[in-house]
file upload20.cif (mmCIF, C-alpha atoms and all ligand atoms)
data_start
loop_
_atom_site.label_atom_id
_atom_site.label_comp_id
_atom_site.auth_asym_id
_atom_site.auth_seq_id
_atom_site.Cartn_x
_atom_site.Cartn_y
_atom_site.Cartn_z
CA MET A 1 104.72 110.51 78.05
CA GLY A 2 106.35 112.65 80.65
CA GLU A 3 104.05 115.64 80.60
CA PHE A 4 101.61 115.33 83.47
CA THR A 5 100.54 111.88 82.34
CA GLN A 6 98.65 111.27 85.54
CA ALA A 7 96.78 114.60 85.63
CA ARG A 8 93.81 113.79 87.75
CA ARG A 9 91.23 116.23 88.92
CA LEU A 10 90.24 119.83 89.23
CA ARG A 11 90.42 121.48 92.57
CA ARG A 12 87.08 121.31 94.41
CA MET A 13 85.91 124.83 95.21
CA PRO A 14 83.17 125.92 97.62
CA GLN A 15 80.17 127.96 96.48
CA PRO A 16 81.01 131.56 95.50
CA MET A 17 81.49 133.68 98.63
CA SER A 18 81.42 137.46 98.89
CA PHE A 19 84.23 139.39 100.54
CA PRO A 20 82.95 140.42 104.03
CA GLU A 21 81.63 144.00 104.12
CA ARG A 22 82.20 144.51 107.83
CA GLY A 23 84.69 142.97 110.20
CA ILE A 24 83.62 140.89 113.22
CA SER A 25 85.15 140.53 116.68
CA GLN A 26 88.47 138.85 117.24
CA ASN A 27 86.89 136.29 119.55
CA ASP A 28 84.35 135.33 116.92
CA VAL A 29 87.05 134.94 114.32
CA LEU A 30 89.16 132.82 116.64
CA ARG A 31 86.17 130.60 117.42
CA MET A 32 85.41 130.14 113.72
CA LEU A 33 89.04 129.52 112.95
CA THR A 34 89.20 126.84 115.63
CA GLU A 35 86.09 125.20 114.18
CA LYS A 36 87.74 125.06 110.78
CA LEU A 37 90.91 123.55 112.22
CA CYS A 38 88.88 120.88 114.04
CA LYS A 39 87.95 119.52 110.62
CA ASN A 40 91.60 118.58 110.10
CA ILE A 41 92.78 115.14 111.18
CA PRO A 42 94.40 115.64 114.63
CA PRO A 43 98.19 115.97 114.15
CA GLU A 44 99.05 113.05 116.43
CA GLN A 45 96.76 110.77 114.39
CA ASN A 46 98.09 112.00 111.08
CA PHE A 47 100.18 109.26 109.46
CA CYS A 48 99.92 110.88 106.06
CA ASN A 49 103.09 112.94 105.92
CA PRO A 50 106.26 113.67 107.82
CA TYR A 51 105.35 117.32 108.36
CA ALA A 52 102.42 116.33 110.55
CA GLY A 53 105.04 115.82 113.24
CA PRO A 54 104.66 118.60 114.47
CA PRO A 55 108.08 120.18 113.76
CA HIS A 56 110.53 119.99 116.63
CA PRO A 57 109.17 122.27 119.41
CA PHE A 58 112.45 124.19 119.64
CA THR A 59 111.97 125.53 116.12
CA ARG A 60 109.05 127.64 117.26
CA MET A 61 111.32 129.58 119.64
CA ALA A 62 113.99 130.06 117.00
CA TRP A 63 111.33 131.10 114.50
CA GLU A 64 109.86 133.71 116.81
CA LEU A 65 113.25 135.24 117.55
CA ALA A 66 114.04 135.70 113.87
CA GLN A 67 110.65 136.17 112.25
CA ASN A 68 111.04 139.89 111.74
CA SER A 69 114.06 139.31 109.55
CA PHE A 70 114.26 137.82 106.10
CA PHE A 71 116.66 136.30 103.67
CA VAL A 72 116.91 136.36 99.89
CA SER A 73 119.66 134.56 98.08
CA GLY A 74 121.65 137.68 97.22
CA TRP A 75 120.04 140.74 98.72
CA GLY A 76 119.78 142.45 102.12
CA GLU A 77 122.79 140.63 103.55
CA GLU A 78 124.10 143.75 105.24
CA ILE A 79 120.79 144.60 106.87
CA TYR A 80 120.07 141.11 108.18
CA ARG A 81 123.60 139.85 108.38
CA GLY A 82 122.94 137.37 111.18
CA THR A 83 120.01 135.79 109.39
CA HIS A 84 122.03 135.43 106.20
CA GLU A 85 124.88 133.88 108.13
CA MET A 86 122.45 131.35 109.57
CA GLU A 87 121.20 130.41 106.10
CA MET A 88 124.70 130.01 104.70
CA GLU A 89 126.02 128.11 107.73
CA ALA A 90 122.98 125.83 107.67
CA VAL A 91 123.78 125.14 104.00
CA ARG A 92 127.36 124.29 104.99
CA MET A 93 126.19 121.92 107.72
CA VAL A 94 123.79 120.10 105.40
CA SER A 95 126.49 119.92 102.71
CA SER A 96 128.75 118.28 105.26
CA LEU A 97 126.02 115.78 106.10
CA LEU A 98 126.01 114.93 102.38
CA ASN A 99 129.80 114.50 102.33
CA LEU A 100 130.63 117.81 100.72
CA ASP A 101 133.08 119.95 102.69
CA ASP A 102 134.42 122.16 99.95
CA GLU A 103 134.82 125.92 99.74
CA LYS A 104 133.74 125.91 96.12
CA SER A 105 130.28 124.53 96.89
CA LEU A 106 127.18 126.69 97.09
CA GLY A 107 123.59 126.24 98.20
CA PHE A 108 120.34 127.79 99.32
CA ILE A 109 117.42 127.23 101.61
CA THR A 110 114.38 127.03 99.32
CA SER A 111 110.66 126.86 99.97
CA GLY A 112 110.53 123.09 99.49
CA GLY A 113 111.68 120.11 97.51
CA THR A 114 109.77 121.25 94.47
CA GLU A 115 111.63 124.55 94.33
CA SER A 116 114.94 122.80 95.01
CA ASN A 117 114.42 120.46 92.06
CA LEU A 118 113.21 123.26 89.79
CA LEU A 119 116.29 125.26 90.65
CA ALA A 120 118.63 122.35 89.91
CA MET A 121 116.97 121.77 86.53
CA ARG A 122 117.11 125.46 85.63
CA THR A 123 120.77 125.59 86.55
CA ALA A 124 121.58 122.49 84.48
CA LYS A 125 119.69 123.95 81.52
CA LEU A 126 121.45 127.32 81.69
CA LEU A 127 124.79 125.59 82.02
CA ALA A 128 124.13 123.55 78.89
CA GLU A 129 123.00 126.68 77.03
CA ARG A 130 126.18 128.49 77.95
CA ARG A 131 128.17 125.61 76.59
CA LYS A 132 126.00 125.85 73.46
CA LYS A 133 125.25 122.21 73.95
CA THR A 134 121.65 122.10 72.83
CA SER A 135 118.56 124.09 71.98
CA ARG A 136 116.28 121.11 72.67
CA PRO A 137 117.04 120.23 76.29
CA GLU A 138 116.08 116.86 77.74
CA ILE A 139 116.44 115.17 81.09
CA VAL A 140 116.53 111.44 81.79
CA MET A 141 114.97 110.08 84.97
CA PRO A 142 113.15 107.01 86.31
CA TYR A 143 109.37 107.02 85.99
CA SER A 144 109.28 107.18 89.78
CA GLY A 145 110.94 110.63 89.76
CA HIS A 146 109.03 113.38 91.55
CA PHE A 147 106.37 115.52 89.90
CA SER A 148 108.60 118.58 90.28
CA PHE A 149 110.83 117.37 87.43
CA ARG A 150 107.85 117.14 85.08
CA LEU A 151 106.88 120.60 86.31
CA ALA A 152 110.41 121.79 85.47
CA GLY A 153 109.98 120.25 82.03
CA ASN A 154 106.76 122.16 81.55
CA LEU A 155 108.05 125.48 82.91
CA PHE A 156 111.48 125.50 81.31
CA GLY A 157 110.72 123.71 78.05
CA ILE A 158 112.67 120.56 78.90
CA ARG A 159 111.62 117.19 77.53
CA VAL A 160 111.45 114.52 80.24
CA ARG A 161 112.59 111.09 79.09
CA GLU A 162 111.47 108.45 81.52
CA ILE A 163 113.18 105.20 82.39
CA GLU A 164 110.68 102.36 82.80
CA LEU A 165 110.42 100.51 86.10
CA ASN A 166 110.84 96.87 87.11
CA ASP A 167 108.12 95.21 89.20
CA ASP A 168 109.95 96.22 92.37
CA LEU A 169 109.80 99.87 91.16
CA THR A 170 113.55 100.12 90.58
CA PRO A 171 114.47 101.67 87.20
CA LYS A 172 115.41 99.47 84.25
CA MET A 173 119.07 100.46 84.22
CA ASP A 174 119.73 98.97 80.80
CA GLN A 175 117.60 101.78 79.30
CA VAL A 176 119.53 104.68 80.78
CA GLU A 177 122.38 105.01 78.30
CA SER A 178 120.14 104.72 75.26
CA LEU A 179 117.98 107.61 76.56
CA ILE A 180 121.01 109.90 76.92
CA ASN A 181 121.87 111.86 73.79
CA GLU A 182 123.44 115.19 72.74
CA ASN A 183 120.34 117.04 74.05
CA THR A 184 120.58 115.61 77.56
CA ILE A 185 121.20 118.41 80.04
CA ALA A 186 120.84 116.27 83.18
CA VAL A 187 120.24 112.82 84.54
CA VAL A 188 118.12 112.69 87.68
CA CYS A 189 117.78 109.97 90.30
CA SER A 190 116.24 109.70 93.75
CA ALA A 191 117.58 108.56 97.10
CA PRO A 192 114.95 107.27 97.65
CA GLU A 193 111.96 108.06 95.41
CA GLY A 194 109.00 109.53 97.25
CA THR A 195 106.07 107.14 96.72
CA LEU A 196 107.33 104.02 98.46
CA GLN A 197 110.89 105.07 99.28
CA VAL A 198 112.44 102.73 96.75
CA MET A 199 116.14 103.53 96.37
CA ASP A 200 117.48 104.19 92.88
CA PRO A 201 120.92 102.64 92.22
CA ILE A 202 122.71 105.96 92.67
CA LYS A 203 126.19 104.53 92.18
CA GLU A 204 125.25 103.09 88.80
CA PHE A 205 123.73 106.40 87.78
CA ALA A 206 126.92 108.14 88.88
CA GLU A 207 129.05 105.79 86.78
CA ILE A 208 126.90 106.40 83.72
CA ALA A 209 126.96 110.18 84.27
CA GLU A 210 130.73 110.06 84.55
CA ARG A 211 131.16 107.99 81.41
CA LYS A 212 128.72 110.14 79.42
CA ASN A 213 129.97 113.40 80.95
CA VAL A 214 126.49 114.57 81.85
CA TYR A 215 125.14 116.61 84.78
CA LEU A 216 123.78 114.42 87.61
CA HIS A 217 121.24 115.62 90.19
CA VAL A 218 120.22 113.48 93.18
CA ASP A 219 116.82 114.08 94.76
CA ALA A 220 117.41 113.14 98.41
CA ALA A 221 114.22 114.73 99.72
CA PHE A 222 114.04 111.99 102.36
CA GLY A 223 117.52 110.52 102.07
CA GLY A 224 119.49 113.56 103.20
CA PHE A 225 118.03 113.45 106.69
CA LEU A 226 117.78 109.66 106.74
CA PHE A 227 120.84 107.88 105.37
CA PRO A 228 123.61 109.76 107.24
CA PHE A 229 121.96 108.87 110.55
CA MET A 230 121.08 105.30 109.52
CA LYS A 231 124.74 104.84 108.66
CA ASP A 232 125.68 106.12 112.12
CA LEU A 233 123.22 103.59 113.58
CA GLY A 234 125.04 100.74 111.83
CA TYR A 235 122.71 100.12 108.87
CA SER A 236 124.39 99.42 105.57
CA VAL A 237 123.64 102.38 103.33
CA PRO A 238 124.70 102.55 99.68
CA ALA A 239 126.66 105.59 98.47
CA PHE A 240 124.11 108.22 97.47
CA ASP A 241 125.71 111.62 97.98
CA PHE A 242 128.60 113.91 96.99
CA SER A 243 131.07 111.14 97.86
CA LEU A 244 130.30 110.05 94.27
CA PRO A 245 132.40 112.48 92.23
CA SER A 246 129.96 112.87 89.33
CA VAL A 247 127.08 114.12 91.51
CA CYS A 248 126.72 117.82 90.54
CA SER A 249 123.81 118.82 92.76
CA MET A 250 121.58 117.42 95.48
CA MET A 251 118.56 118.48 97.39
CA THR A 252 117.09 117.40 100.71
CA ASP A 253 113.94 118.47 102.52
CA SER A 254 114.61 119.70 106.04
CA HIS A 255 110.86 120.11 106.51
CA LYS A 256 110.38 116.36 106.13
CA LEU A 257 112.69 114.18 108.23
CA GLY A 258 114.76 117.22 109.28
CA LEU A 259 111.99 118.36 111.69
CA VAL A 260 112.20 121.98 110.52
CA PRO A 261 108.83 123.73 109.91
CA ILE A 262 107.41 124.06 106.40
CA ALA A 263 108.70 125.57 104.06
CA ALA A 264 112.39 124.71 104.19
CA SER A 265 114.44 122.56 101.83
CA PHE A 266 118.11 122.67 100.82
CA VAL A 267 119.57 122.63 97.33
CA ILE A 268 123.34 122.27 97.07
CA PHE A 269 125.71 122.54 94.10
CA ARG A 270 129.18 121.02 94.17
CA GLU A 271 130.79 123.89 92.24
CA ASN A 272 129.77 127.52 92.42
CA TYR A 273 130.86 128.17 88.82
CA VAL A 274 127.51 126.77 87.64
CA PHE A 275 126.06 130.11 88.74
CA ASP A 276 128.55 132.21 86.76
CA ASP A 277 126.79 134.38 84.22
CA ILE A 278 123.30 133.40 85.31
CA PRO A 279 121.09 136.45 84.75
CA THR A 280 119.91 137.72 88.12
CA GLU A 281 119.77 141.52 87.61
CA HIS A 282 121.30 143.61 90.37
CA VAL A 283 119.44 141.77 93.16
CA THR A 284 121.21 138.48 92.34
CA ILE A 285 118.23 136.33 93.21
CA HIS A 286 119.23 132.77 92.46
CA THR A 287 116.16 131.06 93.84
CA ILE A 288 112.63 130.84 92.45
CA THR A 289 110.83 132.40 95.39
CA SER A 290 112.81 135.35 96.67
CA THR A 291 111.97 136.83 100.10
CA LYS A 292 111.72 134.21 102.82
CA ASN A 293 110.91 134.53 106.50
CA GLY A 294 114.13 134.68 108.51
CA GLY A 295 112.48 132.35 111.02
CA LEU A 296 113.12 129.45 108.65
CA ALA A 297 116.88 129.98 108.54
CA ALA A 298 116.93 130.38 112.32
CA ALA A 299 114.80 127.27 112.86
CA ALA A 300 117.04 125.13 110.66
CA TRP A 301 120.34 126.54 111.95
CA GLY A 302 119.18 126.43 115.56
CA LEU A 303 117.84 122.90 115.39
CA PHE A 304 121.03 121.53 113.82
CA GLN A 305 122.95 123.04 116.76
CA LEU A 306 120.45 121.81 119.34
CA LEU A 307 120.23 118.20 118.15
CA GLY A 308 123.47 117.43 116.37
CA ARG A 309 123.81 114.07 114.63
CA GLU A 310 123.20 112.44 117.98
CA GLY A 311 119.76 113.98 118.41
CA TYR A 312 118.69 113.20 114.85
CA ARG A 313 119.80 109.59 115.30
CA LYS A 314 117.48 109.30 118.27
CA TYR A 315 114.45 110.64 116.40
CA LEU A 316 115.19 108.53 113.38
CA GLN A 317 115.58 105.38 115.40
CA ASN A 318 112.14 106.09 116.85
CA ALA A 319 110.66 106.43 113.35
CA LEU A 320 112.29 103.19 112.18
CA GLU A 321 110.97 101.32 115.20
CA ILE A 322 107.47 102.63 114.58
CA ALA A 323 107.69 101.73 110.88
CA ASN A 324 108.65 98.17 111.83
CA ALA A 325 105.87 97.92 114.39
CA LEU A 326 103.35 99.16 111.80
CA ALA A 327 104.66 96.71 109.20
CA ARG A 328 104.20 93.84 111.68
CA GLY A 329 100.74 95.09 112.61
CA ILE A 330 99.59 95.43 109.01
CA SER A 331 100.99 92.00 108.08
CA GLY A 332 98.89 90.53 110.89
CA ILE A 333 95.59 91.91 109.56
CA GLN A 334 93.56 89.68 107.25
CA GLY A 335 92.43 91.46 104.10
CA VAL A 336 95.39 93.81 103.65
CA LYS A 337 98.99 93.32 102.58
CA LEU A 338 102.12 95.40 102.49
CA LEU A 339 103.51 96.59 99.19
CA ALA A 340 107.21 95.90 98.70
CA PRO A 341 107.44 93.71 101.84
CA ASN A 342 111.04 92.72 101.12
CA LYS A 343 112.61 96.11 100.68
CA GLN A 344 114.52 97.86 103.45
CA LEU A 345 111.98 99.75 105.51
CA TYR A 346 112.53 103.48 106.08
CA THR A 347 109.76 105.89 107.07
CA VAL A 348 107.16 105.15 104.37
CA LEU A 349 104.91 102.08 104.10
CA GLY A 350 102.35 101.17 101.48
CA PHE A 351 99.55 98.64 101.72
CA THR A 352 96.57 97.49 99.73
CA THR A 353 93.57 95.17 100.04
CA THR A 354 93.97 91.45 99.26
CA ASP A 355 90.37 90.81 98.20
CA ARG A 356 88.00 92.76 95.98
CA THR A 357 87.44 95.50 98.58
CA PRO A 358 88.29 98.74 96.74
CA VAL A 359 91.28 100.53 98.27
CA GLU A 360 89.33 103.81 98.06
CA ASN A 361 86.66 102.40 100.40
CA LEU A 362 89.24 101.32 102.94
CA TYR A 363 90.78 104.78 102.73
CA LYS A 364 87.42 106.41 103.48
CA GLU A 365 86.87 104.10 106.47
CA ILE A 366 90.25 105.02 107.93
CA LEU A 367 89.60 108.74 107.46
CA SER A 368 86.12 108.47 108.98
CA ARG A 369 87.81 107.17 112.14
CA ARG A 370 89.92 110.37 112.17
CA TRP A 371 93.24 108.83 111.21
CA GLY A 372 95.26 110.39 108.39
CA VAL A 373 96.79 108.31 105.57
CA GLY A 374 97.47 109.02 101.90
CA LEU A 375 95.64 107.53 98.92
CA GLU A 376 98.37 107.17 96.30
CA ARG A 377 99.17 105.39 93.08
CA THR A 378 102.27 103.38 92.39
CA PRO A 379 104.47 105.20 89.84
CA GLY A 380 104.32 104.28 86.18
CA PRO A 381 101.72 104.20 83.43
CA ARG A 382 99.82 101.31 85.01
CA GLY A 383 99.85 102.74 88.52
CA MET A 384 97.72 100.93 91.13
CA PRO A 385 96.02 102.71 94.02
CA PHE A 386 97.33 101.98 97.49
CA ILE A 387 97.33 103.48 100.97
CA ARG A 388 100.47 105.23 102.08
CA ILE A 389 101.85 106.00 105.51
CA SER A 390 104.68 108.52 105.81
CA LEU A 391 105.96 108.86 109.34
CA SER A 392 107.21 111.86 111.21
CA PRO A 393 110.23 111.10 113.41
CA MET A 394 108.29 112.96 116.14
CA ARG A 395 105.46 110.37 116.10
CA GLU A 396 104.78 108.64 119.42
CA LYS A 397 104.66 104.85 119.58
CA ARG A 398 101.31 104.67 121.34
CA TYR A 399 99.66 106.32 118.35
CA ALA A 400 101.03 103.58 116.11
CA GLU A 401 99.21 101.03 118.25
CA GLY A 402 96.06 103.09 118.03
CA PHE A 403 96.42 103.23 114.28
CA ILE A 404 96.62 99.45 113.92
CA GLY A 405 93.44 99.10 115.98
CA ALA A 406 91.64 101.62 113.80
CA LEU A 407 92.93 99.89 110.66
CA GLU A 408 91.55 96.53 111.80
CA GLU A 409 88.13 98.09 112.31
CA SER A 410 88.33 99.92 109.00
CA VAL A 411 89.20 96.73 107.08
CA ARG A 412 86.23 94.93 108.63
CA ALA A 413 83.89 97.81 107.84
CA ALA A 414 85.11 98.21 104.25
CA ARG A 415 84.78 94.44 103.59
CA SER A 416 81.29 94.22 105.01
CA LYS A 417 80.16 97.05 102.72
CA ALA A 418 81.91 95.69 99.61
C1 LIG A 501 108.48 115.48 98.93
C2 LIG A 501 109.34 115.24 97.75
C3 LIG A 501 109.65 116.27 96.87
C4 LIG A 501 109.00 117.64 96.90
O1 LIG A 501 109.06 118.28 98.07
P1 LIG A 501 108.03 119.43 98.53
O2 LIG A 501 108.70 119.89 99.74
O3 LIG A 501 106.72 118.77 98.75
O4 LIG A 501 107.98 120.46 97.45
C5 LIG A 501 110.55 116.00 95.85
N1 LIG A 501 111.09 114.77 95.71
C6 LIG A 501 110.79 113.74 96.53
C7 LIG A 501 111.44 112.41 96.33
C8 LIG A 501 109.89 113.95 97.58
O5 LIG A 501 109.59 112.93 98.40
#
call {"tool": "encode", "arguments": {"input": "upload20.cif", "output": "structure tokens"}}
result
Amino acid sequence: MGEFTQARRLRRMPQPMSFPERGISQNDVLRMLTEKLCKNIPPEQNFCNPYAGPPHPFTRMAWELAQNSFFVSGWGEEIYRGTHEMEMEAVRMVSSLLNLDDEKSLGFITSGGTESNLLAMRTAKLLAERRKKTSRPEIVMPYSGHFSFRLAGNLFGIRVREIELNDDLTPKMDQVESLINENTIAVVCSAPEGTLQVMDPIKEFAEIAERKNVYLHVDAAFGGFLFPFMKDLGYSVPAFDFSLPSVCSMMTDSHKLGLVPIAASFVIFRENYVFDDIPTEHVTIHTITSTKNGGLAAAAWGLFQLLGREGYRKYLQNALEIANALARGISGIQGVKLLAPNKQLYTVLGFTTTDRTPVENLYKEILSRRWGVGLERTPGPRGMPFIRISLSPMREKRYAEGFIGALEESVRAARSKA
């Protein structure tokens, strides 16, 4: 187990296509390009992922101002000093959001959550090697942990030991300590996991990591731009961040609920010494992709200044209201039911059919009406297919009403064909 257990399908490719011999006019290309884009689900009807938003409109201005600059983790700082300052200050602001205001901390803007998690796992592995801890590195994480950790296992030669899940998709915590051994280089948990936004018990993980003296990484892809603002809004939010002293690193995806354009995520390390002695050659590249468009740093830095916590609270409140309205709407439709109806609702909802109508058919009906949703599987070896909604905080309420109408029609159509 652990190594791509749910590998599914090959990428569908079109027929072979020759490279054009001669160019054509700009207008023709733009027309063809527009035709291609019309095949996409319209962004405002896309309930499939938070990036569909679109990103906050301000970020386009910031992006354009800075797009001729770049940033790399340790190179070109003198040439594009302002851009580098924006990256580093954005890292400081996000660290602060995650309760880490410490000079010794260090972080980067990466190309996404996958890179952030890869980087954390590489760092934990190199740290363990330097301490001559093990030559057979392992990590311990719940089965619901993101694909990127299994990718890290594959790329870096780390064995992934998975904690089984309870019916409510929380990890079986009584297994954690027995999976930790002298080869464990890190324990990983998620705040919350990505499929249905089920929260791992981060505090319990932190206590175990402390007792066992093992590196702890928290994947807060969604949580970093969710929980600080929910807390401000008066929700009760469990401790999930650097306020827990044994958390060594965290990541959060600003291109998800942070409203920054793709591709921008943050990875943050509590102590900069973890990067001592890491081989980087003279360019000191600490990240996995190196050169990044300066527009990303400007978009993130600029948007944090523009919105502040206050602005993010407003967008998040909107998303939570829409999620609740969708949950009510779905519960009122005969033939479908919500998954995990009793858990605290954030920005992701899952639902499935209640009769023998295959979920895949319902999915196709929804898509044929030009609404975007995800077809997913619940995590674990016996994963069940379900339909997933992941909201952008930029989504407008009226589209949620439209979605429920389209879903009602889709359920009827899928049942009549079943
Ligand atoms: C989205 C997500 C990731 C990966 O992020 P990308 O930006 O898609 O690379 C990692 N972990 C969790 C929990 C996620 O939801």
call {"tool": "residues_near_ligand", "arguments": {"input": "upload20.cif", "ligand": "ligand LIG 501 (chain A)", "cutoff": "6 Å", "atoms": "all atoms listed in the file", "output": "list in words"}}
result
Gly112, Gly113, Thr114, His146, Glu193, Gly194, Asp219 and Ala221 of chain A
call {"tool": "residues_around", "arguments": {"input": "upload20.cif", "residues": "A:Arg92", "least_positions_apart": "2", "cutoff": "10 Å", "atoms": "only C-alpha atoms", "output": "PyMOL selection string"}}
result
chain A and resi 86-90+94-98+100-103+105-108+268
call {"tool": "atom_distance", "arguments": {"input": "upload20.cif", "atom1": "atom CA of A:Val274", "atom2": "atom CA of A:Leu127"}}
result
6.4 Å
call {"tool": "atom_distance", "arguments": {"input": "upload20.cif", "atom1": "atom CA of A:Lys292", "atom2": "atom CA of A:Ser265"}}
result
12.0 Å
call {"tool": "closest_residue", "arguments": {"input": "upload20.cif", "among": "A:Asn99, A:Thr291, A:Arg131, A:Lys125", "to": "A:Leu244", "atoms": "only C-alpha atoms"}}
result
A:Asn99
call {"tool": "residues_around", "arguments": {"input": "upload20.cif", "residues": "stretch 377-392 of chain A", "least_positions_apart": "3", "cutoff": "7 Å", "atoms": "all atoms listed in the file", "output": "compact mmCIF listing (two decimals) with C-alpha atoms, in the coordinates of the input"}}
result
# COMPACT_ATOMS: atom_id res chain seq x y z
CA PHE A 47 100.18 109.26 109.46
CA CYS A 48 99.92 110.88 106.06
CA ASN A 49 103.09 112.94 105.92
CA PRO A 50 106.26 113.67 107.82
CA TYR A 51 105.35 117.32 108.36
CA ALA A 52 102.42 116.33 110.55
CA GLY A 53 105.04 115.82 113.24
CA TYR A 143 109.37 107.02 85.99
CA SER A 144 109.28 107.18 89.78
CA THR A 195 106.07 107.14 96.72
CA LEU A 257 112.69 114.18 108.23
CA ALA A 319 110.66 106.43 113.35
CA THR A 347 109.76 105.89 107.07
CA VAL A 348 107.16 105.15 104.37
CA LEU A 349 104.91 102.08 104.10
CA GLY A 350 102.35 101.17 101.48
CA PHE A 351 99.55 98.64 101.72
CA THR A 352 96.57 97.49 99.73
CA VAL A 359 91.28 100.53 98.27
CA TYR A 363 90.78 104.78 102.73
CA VAL A 373 96.79 108.31 105.57
CA GLY A 374 97.47 109.02 101.90
CA ARG A 395 105.46 110.37 116.10
call {"tool": "closest_residue", "arguments": {"input": "upload20.cif", "among": "A:Pro137, A:Gly332, A:Pro54, A:Pro20", "to": "A:Asn183", "atoms": "all atoms listed in the file"}}
result
A:Pro137
call {"tool": "closest_atom_pairs", "arguments": {"input": "upload20.cif", "of": "stretch 101-184 of chain A", "to": "stretch 287-290 of chain A", "cutoff": "9 Å", "atoms": "all atoms listed in the file", "output": "JSON lines"}}
result
{"residue": "A:Phe108", "atom": "CA", "partner": "A:Thr287", "partner_atom": "CA", "distance": 7.6}
{"residue": "A:Ile109", "atom": "CA", "partner": "A:Thr287", "partner_atom": "CA", "distance": 8.8}
{"residue": "A:Thr110", "atom": "CA", "partner": "A:Thr287", "partner_atom": "CA", "distance": 7.0}
{"residue": "A:Ser111", "atom": "CA", "partner": "A:Thr289", "partner_atom": "CA", "distance": 7.2}
{"residue": "A:Glu115", "atom": "CA", "partner": "A:Ile288", "partner_atom": "CA", "distance": 6.6}
{"residue": "A:Ser116", "atom": "CA", "partner": "A:Thr287", "partner_atom": "CA", "distance": 8.4}
{"residue": "A:Leu118", "atom": "CA", "partner": "A:Ile288", "partner_atom": "CA", "distance": 8.1}
{"residue": "A:Leu119", "atom": "CA", "partner": "A:Thr287", "partner_atom": "CA", "distance": 6.6}
call {"tool": "atom_distance", "arguments": {"input": "upload20.cif", "atom1": "atom CA of A:Ala413", "atom2": "atom CA of A:Asn361"}}
result
9.2 Å
call {"tool": "build_atoms", "arguments": {"input": "upload20.cif", "residues": "stretch 179-183 of chain A", "atoms": "all heavy atoms", "output": "PDB file, in the coordinates of the input"}}
result
ATOM      1  N   LEU A 179     118.817 106.400  76.483  1.00  0.00           N
ATOM      2  CA  LEU A 179     117.980 107.610  76.560  1.00  0.00           C
ATOM      3  C   LEU A 179     118.825 108.887  76.583  1.00  0.00           C
ATOM      4  O   LEU A 179     118.317 109.983  76.391  1.00  0.00           O
ATOM      5  CB  LEU A 179     117.086 107.554  77.808  1.00  0.00           C
ATOM      6  CG  LEU A 179     115.962 106.511  77.771  1.00  0.00           C
ATOM      7  CD1 LEU A 179     115.291 106.398  79.143  1.00  0.00           C
ATOM      8  CD2 LEU A 179     114.930 106.857  76.706  1.00  0.00           C
ATOM      9  N   ILE A 180     120.119 108.731  76.874  1.00  0.00           N
ATOM     10  CA  ILE A 180     121.010 109.900  76.920  1.00  0.00           C
ATOM     11  C   ILE A 180     121.475 110.223  75.492  1.00  0.00           C
ATOM     12  O   ILE A 180     121.861 109.313  74.751  1.00  0.00           O
ATOM     13  CB  ILE A 180     122.225 109.629  77.828  1.00  0.00           C
ATOM     14  CG1 ILE A 180     121.754 109.393  79.274  1.00  0.00           C
ATOM     15  CG2 ILE A 180     123.220 110.793  77.781  1.00  0.00           C
ATOM     16  CD1 ILE A 180     122.872 108.987  80.232  1.00  0.00           C
ATOM     17  N   ASN A 181     121.378 111.474  75.113  1.00  0.00           N
ATOM     18  CA  ASN A 181     121.870 111.860  73.790  1.00  0.00           C
ATOM     19  C   ASN A 181     122.475 113.266  73.869  1.00  0.00           C
ATOM     20  O   ASN A 181     122.643 113.807  74.966  1.00  0.00           O
ATOM     21  CB  ASN A 181     120.745 111.791  72.749  1.00  0.00           C
ATOM     22  CG  ASN A 181     119.595 112.725  73.107  1.00  0.00           C
ATOM     23  OD1 ASN A 181     119.817 113.844  73.594  1.00  0.00           O
ATOM     24  ND2 ASN A 181     118.377 112.278  72.884  1.00  0.00           N
ATOM     25  N   GLU A 182     122.754 113.896  72.719  1.00  0.00           N
ATOM     26  CA  GLU A 182     123.440 115.190  72.740  1.00  0.00           C
ATOM     27  C   GLU A 182     122.549 116.300  73.326  1.00  0.00           C
ATOM     28  O   GLU A 182     123.025 117.374  73.654  1.00  0.00           O
ATOM     29  CB  GLU A 182     123.970 115.567  71.347  1.00  0.00           C
ATOM     30  CG  GLU A 182     122.927 115.915  70.296  1.00  0.00           C
ATOM     31  CD  GLU A 182     122.235 114.692  69.657  1.00  0.00           C
ATOM     32  OE1 GLU A 182     122.513 113.545  70.101  1.00  0.00           O
ATOM     33  OE2 GLU A 182     121.424 114.886  68.732  1.00  0.00           O
ATOM     34  N   ASN A 183     121.237 116.039  73.462  1.00  0.00           N
ATOM     35  CA  ASN A 183     120.340 117.040  74.050  1.00  0.00           C
ATOM     36  C   ASN A 183     120.187 116.909  75.560  1.00  0.00           C
ATOM     37  O   ASN A 183     119.513 117.724  76.193  1.00  0.00           O
ATOM     38  CB  ASN A 183     118.949 116.933  73.409  1.00  0.00           C
ATOM     39  CG  ASN A 183     118.975 117.278  71.932  1.00  0.00           C
ATOM     40  OD1 ASN A 183     119.717 118.187  71.533  1.00  0.00           O
ATOM     41  ND2 ASN A 183     118.210 116.560  71.127  1.00  0.00           N
TER      42      ASN A 183
END
